[in-house]
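S.K.: Next comes the structure file coords.txt, holding compact mmCIF, C-alpha atoms and all ligand atoms.
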```
# COMPACT_ATOMS: atom_id res chain seq x y z
CA MET A 1 86.24 96.76 132.22
CA ALA A 2 84.60 96.03 135.55
CA GLN A 3 86.80 94.31 138.08
CA ALA A 4 85.64 90.80 138.83
CA GLN A 5 83.36 90.57 141.82
CA PRO A 6 85.49 89.17 144.64
CA ARG A 7 84.52 85.89 146.20
CA VAL A 8 84.08 86.61 149.87
CA GLY A 9 85.93 84.23 152.10
CA ARG A 10 87.49 84.20 155.49
CA TRP A 11 91.05 84.79 156.48
CA PRO A 12 92.64 83.52 158.64
CA ARG A 13 90.77 80.31 158.10
CA PRO A 14 88.72 79.14 161.07
CA ALA A 15 90.96 77.64 163.72
CA ALA A 16 90.42 76.94 167.37
CA ASN A 17 92.78 79.65 168.54
CA ARG A 18 91.56 82.32 166.17
CA LEU A 19 88.59 84.39 167.15
CA LEU A 20 88.74 87.07 164.54
CA TYR A 21 88.05 86.42 160.89
CA ILE A 22 88.44 89.14 158.35
CA GLU A 23 86.16 88.93 155.36
CA VAL A 24 88.21 89.38 152.25
CA ALA A 25 88.29 88.43 148.63
CA LEU A 26 90.11 85.16 148.71
CA PRO A 27 91.85 83.07 146.10
CA LEU A 28 91.46 79.35 146.54
CA PRO A 29 93.73 77.74 149.11
CA GLU A 30 97.02 76.69 147.53
CA LYS A 31 96.28 72.99 147.22
CA GLU A 32 92.94 73.57 145.53
CA LEU A 33 94.46 76.23 143.31
CA ILE A 34 97.21 73.90 142.13
CA SER A 35 94.79 71.08 141.50
CA LYS A 36 92.65 73.46 139.47
CA LEU A 37 95.67 74.65 137.46
CA ARG A 38 96.68 71.06 136.92
CA HIS A 39 93.27 70.24 135.56
CA GLN A 40 93.20 73.36 133.35
CA SER A 41 96.68 72.80 131.98
CA ALA A 42 96.19 69.16 131.07
CA GLY A 43 96.60 69.06 127.35
CA LYS A 44 98.21 67.16 124.60
CA PRO A 45 101.93 67.73 124.98
CA ARG A 46 103.83 68.47 121.81
CA LEU A 47 105.89 65.54 120.52
CA GLY A 48 105.44 63.93 123.93
CA SER A 49 108.03 66.42 125.23
CA VAL A 50 106.55 66.74 128.71
CA ARG A 51 106.62 63.25 130.24
CA ILE A 52 105.67 64.43 133.76
CA GLY A 53 104.00 67.80 134.30
CA ILE A 54 102.26 69.29 137.34
CA GLY A 55 101.99 67.00 140.36
CA ASP A 56 105.52 65.74 140.98
CA ASP A 57 108.56 67.44 142.49
CA CYS A 58 109.95 68.23 139.07
CA ALA A 59 108.67 68.12 135.54
CA VAL A 60 110.32 65.52 133.32
CA LEU A 61 110.86 66.51 129.71
CA ARG A 62 112.33 65.18 126.54
CA ILE A 63 114.26 67.47 124.23
CA PRO A 64 114.04 66.35 120.58
CA ALA A 65 117.19 64.55 119.42
CA GLY A 66 119.83 66.86 117.98
CA HIS A 67 118.33 69.89 119.72
CA GLU A 68 119.48 72.23 122.45
CA ALA A 69 117.29 73.60 125.26
CA LEU A 70 116.38 77.29 125.49
CA VAL A 71 115.29 78.60 128.89
CA THR A 72 113.96 82.06 129.73
CA THR A 73 112.28 83.64 132.74
CA ASP A 74 110.26 86.87 132.96
CA PHE A 75 108.46 88.72 135.72
CA SER A 76 105.05 90.31 135.36
CA LEU A 77 104.68 92.58 138.39
CA GLU A 78 101.62 94.53 139.36
CA GLY A 79 102.32 98.26 139.24
CA ILE A 80 105.42 97.71 137.10
CA HIS A 81 104.27 95.61 134.13
CA PHE A 82 100.51 95.83 134.53
CA ARG A 83 97.72 97.50 136.43
CA ARG A 84 94.62 95.67 137.54
CA ASP A 85 92.47 98.74 136.84
CA TRP A 86 93.74 98.99 133.23
CA ASP A 87 93.69 95.47 131.97
CA ALA A 88 91.36 92.51 132.25
CA PRO A 89 92.96 89.48 133.94
CA GLU A 90 92.84 87.58 130.61
CA VAL A 91 95.04 90.27 129.03
CA ILE A 92 97.53 90.17 131.92
CA GLY A 93 97.77 86.37 131.69
CA HIS A 94 98.16 86.53 127.93
CA ARG A 95 100.94 89.11 128.14
CA CYS A 96 102.68 87.20 130.93
CA LEU A 97 103.23 84.19 128.66
CA THR A 98 103.90 86.36 125.60
CA ARG A 99 107.01 87.72 127.32
CA GLY A 100 108.50 84.23 127.61
CA LEU A 101 107.40 82.98 124.17
CA SER A 102 108.83 86.11 122.56
CA ASP A 103 112.26 85.37 124.05
CA ILE A 104 112.14 81.85 122.59
CA ALA A 105 111.11 83.36 119.22
CA ALA A 106 114.07 85.74 119.38
CA MET A 107 116.45 82.76 119.47
CA GLY A 108 114.77 81.05 116.53
CA GLY A 109 113.40 78.40 118.87
CA GLU A 110 110.26 76.37 119.33
CA PRO A 111 108.52 76.67 122.72
CA ILE A 112 107.75 73.40 124.53
CA ALA A 113 106.59 74.05 128.08
CA ALA A 114 106.06 76.81 130.62
CA TRP A 115 106.24 77.15 134.40
CA LEU A 116 104.29 79.78 136.26
CA SER A 117 105.05 81.05 139.74
CA LEU A 118 102.22 83.18 141.04
CA ALA A 119 102.21 85.24 144.23
CA LEU A 120 98.71 86.48 145.04
CA PRO A 121 97.55 88.88 147.74
CA LEU A 122 94.30 88.02 149.49
CA SER A 123 92.63 90.96 147.77
CA VAL A 124 92.60 88.96 144.53
CA SER A 125 89.45 87.03 143.78
CA GLN A 126 89.43 83.51 142.40
CA LYS A 127 87.54 84.99 139.45
CA TRP A 128 90.58 87.18 138.69
CA VAL A 129 92.88 84.15 138.92
CA ASP A 130 90.57 82.20 136.60
CA GLY A 131 90.62 85.04 134.07
CA PHE A 132 94.42 85.32 134.25
CA MET A 133 94.79 81.57 133.68
CA ARG A 134 92.25 81.61 130.85
CA GLY A 135 94.29 84.26 128.99
CA LEU A 136 97.57 82.46 129.65
CA LEU A 137 96.36 78.96 128.77
CA ARG A 138 94.57 80.07 125.61
CA LEU A 139 97.85 81.45 124.30
CA ALA A 140 99.70 78.33 125.50
CA ARG A 141 97.34 76.10 123.51
CA ARG A 142 97.72 78.28 120.44
CA PHE A 143 101.48 77.73 120.53
CA GLY A 144 101.38 74.08 121.59
CA VAL A 145 102.96 74.87 124.96
CA GLN A 146 102.11 72.88 128.07
CA LEU A 147 102.03 74.40 131.54
CA ALA A 148 104.32 71.90 133.25
CA GLY A 149 104.50 73.27 136.77
CA GLY A 150 105.14 76.29 138.93
CA ASP A 151 104.54 77.59 142.41
CA THR A 152 101.94 79.61 144.26
CA ALA A 153 102.39 81.77 147.31
CA GLU A 154 100.61 84.46 149.24
CA ALA A 155 101.81 87.98 148.56
CA LEU A 156 101.44 90.87 150.97
CA ARG A 157 100.04 93.43 148.55
CA ASP A 158 100.73 93.16 144.83
CA ILE A 159 100.45 90.33 142.33
CA ALA A 160 103.71 88.86 141.04
CA ALA A 161 103.81 86.34 138.22
CA ASP A 162 107.01 84.77 136.96
CA ILE A 163 106.90 82.77 133.78
CA VAL A 164 109.61 80.31 132.75
CA VAL A 165 109.51 78.98 129.21
CA LEU A 166 111.51 76.07 127.87
CA GLY A 167 112.07 75.77 124.16
CA SER A 168 114.30 73.89 121.80
CA VAL A 169 116.37 74.72 118.77
CA PRO A 170 118.41 72.48 116.45
CA GLN A 171 121.94 72.15 117.78
CA GLY A 172 124.11 75.19 117.02
CA LYS A 173 121.26 77.00 115.23
CA ALA A 174 120.13 79.42 117.97
CA VAL A 175 120.22 83.00 116.66
CA LEU A 176 122.24 85.06 119.15
CA ARG A 177 122.44 88.78 119.84
CA SER A 178 126.16 88.67 119.18
CA GLY A 179 126.23 87.71 115.49
CA ALA A 180 125.82 91.12 113.78
CA ARG A 181 128.67 92.30 111.55
CA PRO A 182 129.39 95.71 109.95
CA GLY A 183 127.48 95.95 106.67
CA ASP A 184 124.61 93.70 107.85
CA ARG A 185 121.15 95.14 107.21
CA ILE A 186 118.80 95.70 110.16
CA TYR A 187 115.16 94.57 110.00
CA VAL A 188 112.11 94.64 112.21
CA THR A 189 108.89 92.59 112.02
CA GLY A 190 105.40 94.12 112.22
CA ALA A 191 105.07 97.68 113.47
CA LEU A 192 106.35 99.42 116.58
CA GLY A 193 104.93 101.70 119.25
CA GLY A 194 101.41 100.27 119.48
CA SER A 195 101.70 99.23 123.10
CA ALA A 196 103.33 102.52 124.16
CA ALA A 197 100.50 104.40 122.45
CA ALA A 198 97.92 102.40 124.42
CA ILE A 199 99.66 103.24 127.69
CA ALA A 200 99.92 106.90 126.68
CA SER A 201 96.20 106.89 125.96
CA LEU A 202 95.43 105.24 129.31
CA LEU A 203 97.64 107.70 131.19
CA HIS A 204 96.21 110.65 129.34
CA SER A 205 92.52 109.86 129.57
CA GLY A 206 92.53 107.59 132.60
CA ALA A 207 89.92 105.61 130.72
CA LEU A 208 90.25 102.12 129.35
CA ALA A 209 91.38 102.00 125.77
CA ARG A 210 89.27 99.85 123.48
CA PRO A 211 91.19 96.58 123.12
CA ALA A 212 90.34 96.38 119.41
CA ASP A 213 92.02 99.76 118.87
CA TYR A 214 95.28 98.66 120.49
CA PRO A 215 95.82 94.98 119.63
CA GLN A 216 99.56 95.22 120.30
CA HIS A 217 98.90 96.17 123.91
CA PHE A 218 95.97 93.87 124.61
CA ARG A 219 96.82 90.83 122.48
CA PRO A 220 100.47 90.89 121.44
CA LEU A 221 101.42 87.73 119.57
CA PRO A 222 104.96 86.41 119.93
CA ARG A 223 106.62 85.99 116.50
CA VAL A 224 107.50 82.33 117.01
CA GLU A 225 106.93 81.22 113.40
CA VAL A 226 108.91 84.15 111.99
CA GLY A 227 111.74 83.47 114.44
CA LYS A 228 111.97 79.84 113.31
CA ARG A 229 112.07 80.83 109.64
CA LEU A 230 114.85 83.30 110.37
CA ARG A 231 117.24 80.53 111.37
CA GLY A 232 119.92 80.56 108.71
CA ILE A 233 118.86 84.04 107.54
CA ALA A 234 119.38 86.28 110.59
CA SER A 235 122.92 86.92 111.80
CA ALA A 236 121.67 88.33 115.13
CA MET A 237 118.26 88.76 116.74
CA ILE A 238 116.47 90.18 119.80
CA ASP A 239 112.81 90.73 120.61
CA VAL A 240 111.55 94.27 121.10
CA SER A 241 110.37 94.13 124.70
CA ASP A 242 112.10 97.15 126.27
CA GLY A 243 111.82 99.46 123.23
CA MET A 244 113.57 99.44 119.86
CA SER A 245 116.33 101.92 120.82
CA THR A 246 117.16 99.96 123.97
CA ASP A 247 116.95 96.50 122.40
CA LEU A 248 119.03 97.57 119.40
CA ALA A 249 121.62 98.90 121.88
CA HIS A 250 121.66 95.46 123.57
CA LEU A 251 122.20 93.73 120.22
CA CYS A 252 124.95 96.18 119.17
CA GLU A 253 126.68 95.85 122.51
CA GLU A 254 126.73 92.05 122.31
CA SER A 255 127.94 92.19 118.69
CA ARG A 256 130.42 95.04 119.44
CA VAL A 257 129.14 97.10 116.55
CA GLY A 258 127.21 100.31 115.92
CA ALA A 259 124.23 101.03 113.71
CA GLU A 260 122.61 103.60 111.45
CA ILE A 261 118.83 103.68 111.55
CA ASN A 262 116.77 105.41 108.90
CA ALA A 263 114.06 107.26 110.85
CA GLU A 264 111.67 107.33 107.89
CA SER A 265 111.67 103.59 107.40
CA ILE A 266 110.69 102.57 110.94
CA PRO A 267 107.26 100.93 110.65
CA ARG A 268 104.90 102.71 113.03
CA ALA A 269 101.86 100.95 114.48
CA ARG A 270 98.39 102.23 113.61
CA VAL A 271 96.12 102.65 116.60
CA GLY A 272 92.80 104.05 117.72
CA ARG A 273 89.51 104.18 115.91
CA THR A 274 91.06 106.21 113.10
CA ARG A 275 94.06 103.86 112.75
CA ARG A 276 96.41 106.82 113.07
CA GLU A 277 100.16 106.21 113.00
CA VAL A 278 101.81 106.39 116.43
CA LEU A 279 104.40 109.10 117.05
CA ARG A 280 107.92 108.34 115.91
CA GLU A 281 109.14 108.54 119.52
CA ALA A 282 106.71 105.78 120.53
CA ALA A 283 108.01 103.55 117.73
CA LEU A 284 111.63 104.29 118.65
CA HIS A 285 111.43 103.81 122.39
CA GLY A 286 108.11 102.18 123.32
CA GLY A 287 108.30 98.75 124.93
CA ASP A 288 106.14 95.63 125.00
CA ASP A 289 105.64 95.29 121.25
CA TYR A 290 107.17 91.79 121.08
CA GLU A 291 108.28 92.21 117.49
CA LEU A 292 111.63 90.81 116.34
CA LEU A 293 114.62 93.02 115.57
CA PHE A 294 117.26 91.20 113.53
CA THR A 295 120.19 91.62 111.22
CA ALA A 296 121.13 89.77 108.05
CA ALA A 297 124.23 89.90 105.88
CA LYS A 298 124.04 92.34 102.98
CA GLY A 299 122.86 90.40 99.94
CA LYS A 300 121.00 87.81 102.01
CA ARG A 301 117.48 87.46 100.67
CA VAL A 302 115.03 88.52 103.38
CA PRO A 303 111.33 88.20 102.42
CA PHE A 304 109.14 91.29 102.76
CA GLN A 305 106.69 89.17 104.64
CA MET A 306 107.12 86.05 106.77
CA ALA A 307 104.27 83.96 108.18
CA GLY A 308 101.92 86.81 107.26
CA ILE A 309 103.97 89.42 109.18
CA PRO A 310 105.59 92.31 107.29
CA VAL A 311 109.36 92.61 107.56
CA THR A 312 110.94 96.05 107.09
CA GLU A 313 114.56 97.05 106.54
CA ILE A 314 115.35 99.97 108.85
CA GLY A 315 119.11 100.44 108.74
CA GLU A 316 122.59 99.05 108.66
CA ILE A 317 125.17 97.79 111.13
CA THR A 318 128.33 99.93 111.30
CA ARG A 319 131.81 99.51 112.67
CA LYS A 320 131.57 102.49 115.02
CA GLY A 321 130.19 101.84 118.49
CA LYS A 322 127.46 104.46 118.22
CA ILE A 323 123.85 104.09 117.12
CA MET A 324 122.86 106.93 114.81
CA LEU A 325 119.40 108.00 113.71
CA MET A 326 119.38 109.39 110.17
CA GLY A 327 116.51 111.52 108.99
CA ASP A 328 115.45 115.01 107.93
CA GLY A 329 118.95 115.47 106.51
CA LEU A 330 120.41 115.07 109.99
CA ALA A 331 122.38 112.42 111.79
CA ARG A 332 121.93 112.33 115.54
CA GLU A 333 122.81 109.76 118.14
CA LEU A 334 119.94 107.45 119.06
CA LYS A 335 120.06 107.11 122.83
CA PRO A 336 118.48 104.01 124.36
CA LEU A 337 115.39 105.58 125.93
CA GLY A 338 113.33 102.43 126.27
CA TRP A 339 112.53 100.68 129.49
CA GLU A 340 115.29 99.98 132.00
CA HIS A 341 114.65 98.84 135.54
CA PHE A 342 116.30 100.55 138.52
CA THR A 343 116.69 103.82 136.59
CA ARG A 344 113.74 105.84 137.82
MG MG B 401 114.08 89.25 125.06
```
Can you give me the file's structure in the form of structure tokens?
M.R.:
Amino acid sequence: MAQAQPRVGRWPRPAANRLLYIEVALPLPEKELISKLRHQSAGKPRLGSVRIGIGDDCAVLRIPAGHEALVTTDFSLEGIHFRRDWDAPEVIGHRCLTRGLSDIAAMGGEPIAAWLSLALPLSVSQKWVDGFMRGLLRLARRFGVQLAGGDTAEALRDIAADIVVLGSVPQGKAVLRSGARPGDRIYVTGALGGSAAAIASLLHSGALARPADYPQHFRPLPRVEVGKRLRGIASAMIDVSDGMSTDLAHLCEESRVGAEINAESIPRARVGRTRREVLREAALHGGDDYELLFTAAKGKRVPFQMAGIPVTEIGEITRKGKIMLMGDGLARELKPLGWEHFTR
């Protein structure tokens, strides 16, 4: 997709003691930018939860009676989480909020409001910022989430976006990573590896993948409704953001258990024009799918489909600390090979 045409502006701004102006693509000055965001984000708050949003020193919110607050924060960093030459700004904004909403979903919660801190280099055009906000706010509206504040700053080189999402869950009902017990069955929603396959295709061909061929990469949808319905069913839950092998390892570590995964039963995403199944390795280790990985006691009735999303049983929690991958008549240890920062 063509990069937005930059708006040409001047920086530093004209001032008596400055003789040299450099012509650059320039986002709006901070005050204008915030006022624009405030205007864009004005919406009907859910249940009147956000009493005061953008414009004061703090947002003021109401948590529904008998509920607890859930708070999560996630970076979207240029060069680490996204590339401007790969994705349209709408997609980057959409994925930025998805990361936060998916964490709320993984606790069985309901998202209420979001805060966005955005650091922008002067090489970013206002058109890019508008696209980013369009993608983010469209998703926010879809999930009844209000943008209730944030911060903007000038970055030296790369874009950095940090999203904070506040949600709520009935008191004591949050589904934790630590609740899995030996004998529990392991399930995953949707299909895995679609986003990794898109990145592999982009790396391989250098060309832009067709968004329609890789919906999990370009328009991942956080499984908020499924997460809510899993309250009282799931014993433990996590969202698949770093890759199934890595996120399952997180869950097992918090629950102090091991797991056996049946390689054949892992649902693999279908991608490309031919809707081919992604490689097993992509489904095992690929990140950014934003599906839910959860456990439920043996004998607990888990629907095959929830809120229109397929749910697949992929294994069982064990007493031993290890995570084993069973398949082709073999049992081998499943190492967490998903995404981990500070390991390259
Ligand atoms: Mg998470």
S.K.: Throw together the list of residues within 7 Å of ligand MG 401 (chain B), counting all atoms listed in the file, and drop it here as number ranges by chain.
M.R.: A: 102-103, 106, 238-241
S.K.: Could you please determine the separation between CA of Arg134 in chain A and CA of Leu77 in chain A in Å, to one decimal place?
M.R.: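 Those two atoms sit 18.2 Å apart.
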S.K.: Which residue gives the smallest distance to Ile104 in chain A among A:Ala59, A:Ala196, A:Leu166, A:Leu176, with all atoms listed in the file counted?
M.R.: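 The answer is A:Leu166, which sits nearest to Ile104 in chain A.
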S.K.: Restricting the calculation to only C-alpha atoms: of A:Glu68, A:Asp288, A:Asp56, A:Glu90, which residue gets closest to Val129 in chain A?
M.R.: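 Comparing A:Glu68, A:Asp288, A:Asp56, A:Glu90 against Val129 in chain A, the winner is A:Glu90.
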S.K.: Rank A:Ala174, A:Leu156, A:Ala191, A:Ile314 by their smallest atom-to-atom distance to Leu122 in chain A, using only C-alpha atoms, and report the top residue only.
M.R.: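 The closest residue to Leu122 in chain A is A:Leu156.
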S.K.: Just the residues within 10 Å of Ile52 in chain A, please, counting only C-alpha atoms, with nothing from its chain fewer than 4 positions along; format it as a PyMOL selection string.
M.R.: chain A and resi 48+56-62+148-149
S.K.: What does the structure give for the distance between CA of Arg141 in chain A and CA of Thr98 in chain A, in Å to one decimal?
M.R.: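 CA of Arg141 in chain A sits 12.4 Å away from CA of Thr98 in chain A.
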S.K.: Near Val271 in chain A, counting all atoms listed in the file, which residues have an atom at most 8 Å away, once you skip same-chain residues fewer than 6 positions from it, shown as a list in words?
M.R.: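 Near Val271 in chain A, the qualifying residues are Gly194, Ala197, Asp213, Tyr214, Glu277 and Val278 of chain A.
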S.K.: Name all residues at most 7 Å from Gly315 in chain A (count all atoms listed in the file; drop same-chain ones fewer than 2 positions away) and give them as a ChimeraX atom specification.
M.R.: /A:185-186,260-262,313
S.K.: Would you output that residue set with C-alpha atoms, as a short mmCIF file (atom, residue, chain, number, x, y, z; two decimals), keeping the file's coordinate frame?
M.R.:
```
data_model
loop_
_atom_site.label_atom_id
_atom_site.label_comp_id
_atom_site.auth_asym_id
_atom_site.auth_seq_id
_atom_site.Cartn_x
_atom_site.Cartn_y
_atom_site.Cartn_z
CA ARG A 185 121.15 95.14 107.21
CA ILE A 186 118.80 95.70 110.16
CA GLU A 260 122.61 103.60 111.45
CA ILE A 261 118.83 103.68 111.55
CA ASN A 262 116.77 105.41 108.90
CA GLU A 313 114.56 97.05 106.54
#
```
S.K.: What does the distance between CA of Leu221 in chain A and CA of Tyr290 in chain A come to in Å, to one decimal place?
M.R.: 7.2 Å
S.K.: Please tell me which residues are no farther than 9 Å from (113.9, 78.4, 114.4) in the file, counting only C-alpha atoms, and write them as a list in words.
M.R.: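 Residues satisfying the cut-off, written out: Ala105, Ala106, Met107, Gly108, Gly109, Glu110, Ser168, Val169, Pro170, Lys173, Ala174, Val175, Val224, Glu225, Val226, Gly227, Lys228, Arg229, Leu230, Arg231 and Gly232 of chain A.
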S.K.: Taking all atoms listed in the file into account, name the residue in A:Ile80, A:Ala200, A:Ala212, A:Ile309 that is nearest to Arg275 in chain A.
M.R.: A:Ala212
S.K.: Give me the residues within 10 Å of Arg38 in chain A as a VMD selection string, counting all atoms listed in the file and dropping any in the same chain fewer than 6 places off.
M.R.: chain A and resid 32 53 to 55 147 to 149
S.K.: Return the single residue from A:Gly93, A:Gly243, A:Pro222, A:Gly299 that is closest to Leu192 in chain A, with distances computed using all atoms listed in the file.
M.R.: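 Under the stated criterion, the closest residue is A:Gly243.
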S.K.: Between A:Cys252, A:Glu78, A:Val302, A:Gly193, which is the closest to Arg276 in chain A once you count all atoms listed in the file?
M.R.: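 The answer is A:Gly193, which sits nearest to Arg276 in chain A.
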S.K.: Got a sec: who's within 8 Å of Lys300 in chain A, counting all atoms listed in the file, leaving out chain neighbours fewer than 3 positions off, as a CSV table (one decimal) with C-alpha atoms, in the coordinates of the input?
M.R.:
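Saved the output as around20.csv:
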```csv
chain,number,residue,atom,x,y,z
A,233,ILE,CA,118.9,84.0,107.5
A,296,ALA,CA,121.1,89.8,108.0
A,297,ALA,CA,124.2,89.9,105.9
```
S.K.: Quick one: 5 Å padding each side, axis-aligned, all listed atoms of range 270-283 of chain A - centre and edge lengths in Å to one decimal, as AutoDock Vina command-line options?
M.R.:
```
--center_x 99.3 --center_y 105.7 --center_z 116.6 --size_x 29.6 --size_y 16.9 --size_z 17.8
```
S.K.: Starting from the sparse input, extend range 68-85 of chain A to N, CA and C atoms and give the output as a PDB file, in the frame of the given file.
M.R.:
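File written: out.pdb
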```
ATOM      1  N   GLU A  68     119.027  71.663 121.197  1.00  0.00           N
ATOM      2  CA  GLU A  68     119.480  72.230 122.450  1.00  0.00           C
ATOM      3  C   GLU A  68     118.287  72.875 123.150  1.00  0.00           C
ATOM      4  N   ALA A  69     118.383  72.983 124.491  1.00  0.00           N
ATOM      5  CA  ALA A  69     117.290  73.600 125.260  1.00  0.00           C
ATOM      6  C   ALA A  69     117.492  75.102 125.354  1.00  0.00           C
ATOM      7  N   LEU A  70     116.385  75.843 125.273  1.00  0.00           N
ATOM      8  CA  LEU A  70     116.380  77.290 125.490  1.00  0.00           C
ATOM      9  C   LEU A  70     115.546  77.538 126.742  1.00  0.00           C
ATOM     10  N   VAL A  71     116.039  78.323 127.659  1.00  0.00           N
ATOM     11  CA  VAL A  71     115.290  78.600 128.890  1.00  0.00           C
ATOM     12  C   VAL A  71     115.259  80.101 129.133  1.00  0.00           C
ATOM     13  N   THR A  72     114.079  80.627 129.448  1.00  0.00           N
ATOM     14  CA  THR A  72     113.960  82.060 129.730  1.00  0.00           C
ATOM     15  C   THR A  72     112.995  82.269 130.878  1.00  0.00           C
ATOM     16  N   THR A  73     113.194  83.325 131.645  1.00  0.00           N
ATOM     17  CA  THR A  73     112.280  83.640 132.740  1.00  0.00           C
ATOM     18  C   THR A  73     111.969  85.126 132.745  1.00  0.00           C
ATOM     19  N   ASP A  74     110.704  85.477 133.006  1.00  0.00           N
ATOM     20  CA  ASP A  74     110.260  86.870 132.960  1.00  0.00           C
ATOM     21  C   ASP A  74     109.229  87.162 134.037  1.00  0.00           C
ATOM     22  N   PHE A  75     109.436  88.241 134.725  1.00  0.00           N
ATOM     23  CA  PHE A  75     108.460  88.720 135.720  1.00  0.00           C
ATOM     24  C   PHE A  75     107.326  89.478 135.063  1.00  0.00           C
ATOM     25  N   SER A  76     106.146  89.365 135.619  1.00  0.00           N
ATOM     26  CA  SER A  76     105.050  90.310 135.360  1.00  0.00           C
ATOM     27  C   SER A  76     104.603  90.810 136.728  1.00  0.00           C
ATOM     28  N   LEU A  77     104.951  92.049 137.049  1.00  0.00           N
ATOM     29  CA  LEU A  77     104.680  92.580 138.390  1.00  0.00           C
ATOM     30  C   LEU A  77     103.609  93.651 138.343  1.00  0.00           C
ATOM     31  N   GLU A  78     102.687  93.518 139.263  1.00  0.00           N
ATOM     32  CA  GLU A  78     101.620  94.530 139.360  1.00  0.00           C
ATOM     33  C   GLU A  78     102.241  95.887 139.692  1.00  0.00           C
ATOM     34  N   GLY A  79     101.805  96.915 139.001  1.00  0.00           N
ATOM     35  CA  GLY A  79     102.320  98.260 139.240  1.00  0.00           C
ATOM     36  C   GLY A  79     103.557  98.564 138.419  1.00  0.00           C
ATOM     37  N   ILE A  80     104.241  97.514 137.938  1.00  0.00           N
ATOM     38  CA  ILE A  80     105.420  97.710 137.100  1.00  0.00           C
ATOM     39  C   ILE A  80     105.092  97.322 135.653  1.00  0.00           C
ATOM     40  N   HIS A  81     104.585  96.112 135.479  1.00  0.00           N
ATOM     41  CA  HIS A  81     104.270  95.610 134.130  1.00  0.00           C
ATOM     42  C   HIS A  81     102.781  95.687 133.799  1.00  0.00           C
ATOM     43  N   PHE A  82     101.951  95.751 134.807  1.00  0.00           N
ATOM     44  CA  PHE A  82     100.510  95.830 134.530  1.00  0.00           C
ATOM     45  C   PHE A  82      99.794  96.492 135.696  1.00  0.00           C
ATOM     46  N   ARG A  83      98.588  96.942 135.399  1.00  0.00           N
ATOM     47  CA  ARG A  83      97.720  97.500 136.430  1.00  0.00           C
ATOM     48  C   ARG A  83      96.382  96.794 136.359  1.00  0.00           C
ATOM     49  N   ARG A  84      95.888  96.392 137.521  1.00  0.00           N
ATOM     50  CA  ARG A  84      94.620  95.670 137.540  1.00  0.00           C
ATOM     51  C   ARG A  84      93.455  96.533 137.069  1.00  0.00           C
ATOM     52  N   ASP A  85      93.585  97.868 137.249  1.00  0.00           N
ATOM     53  CA  ASP A  85      92.470  98.740 136.840  1.00  0.00           C
ATOM     54  C   ASP A  85      92.538  99.077 135.343  1.00  0.00           C
TER      55      ASP A  85
END
```
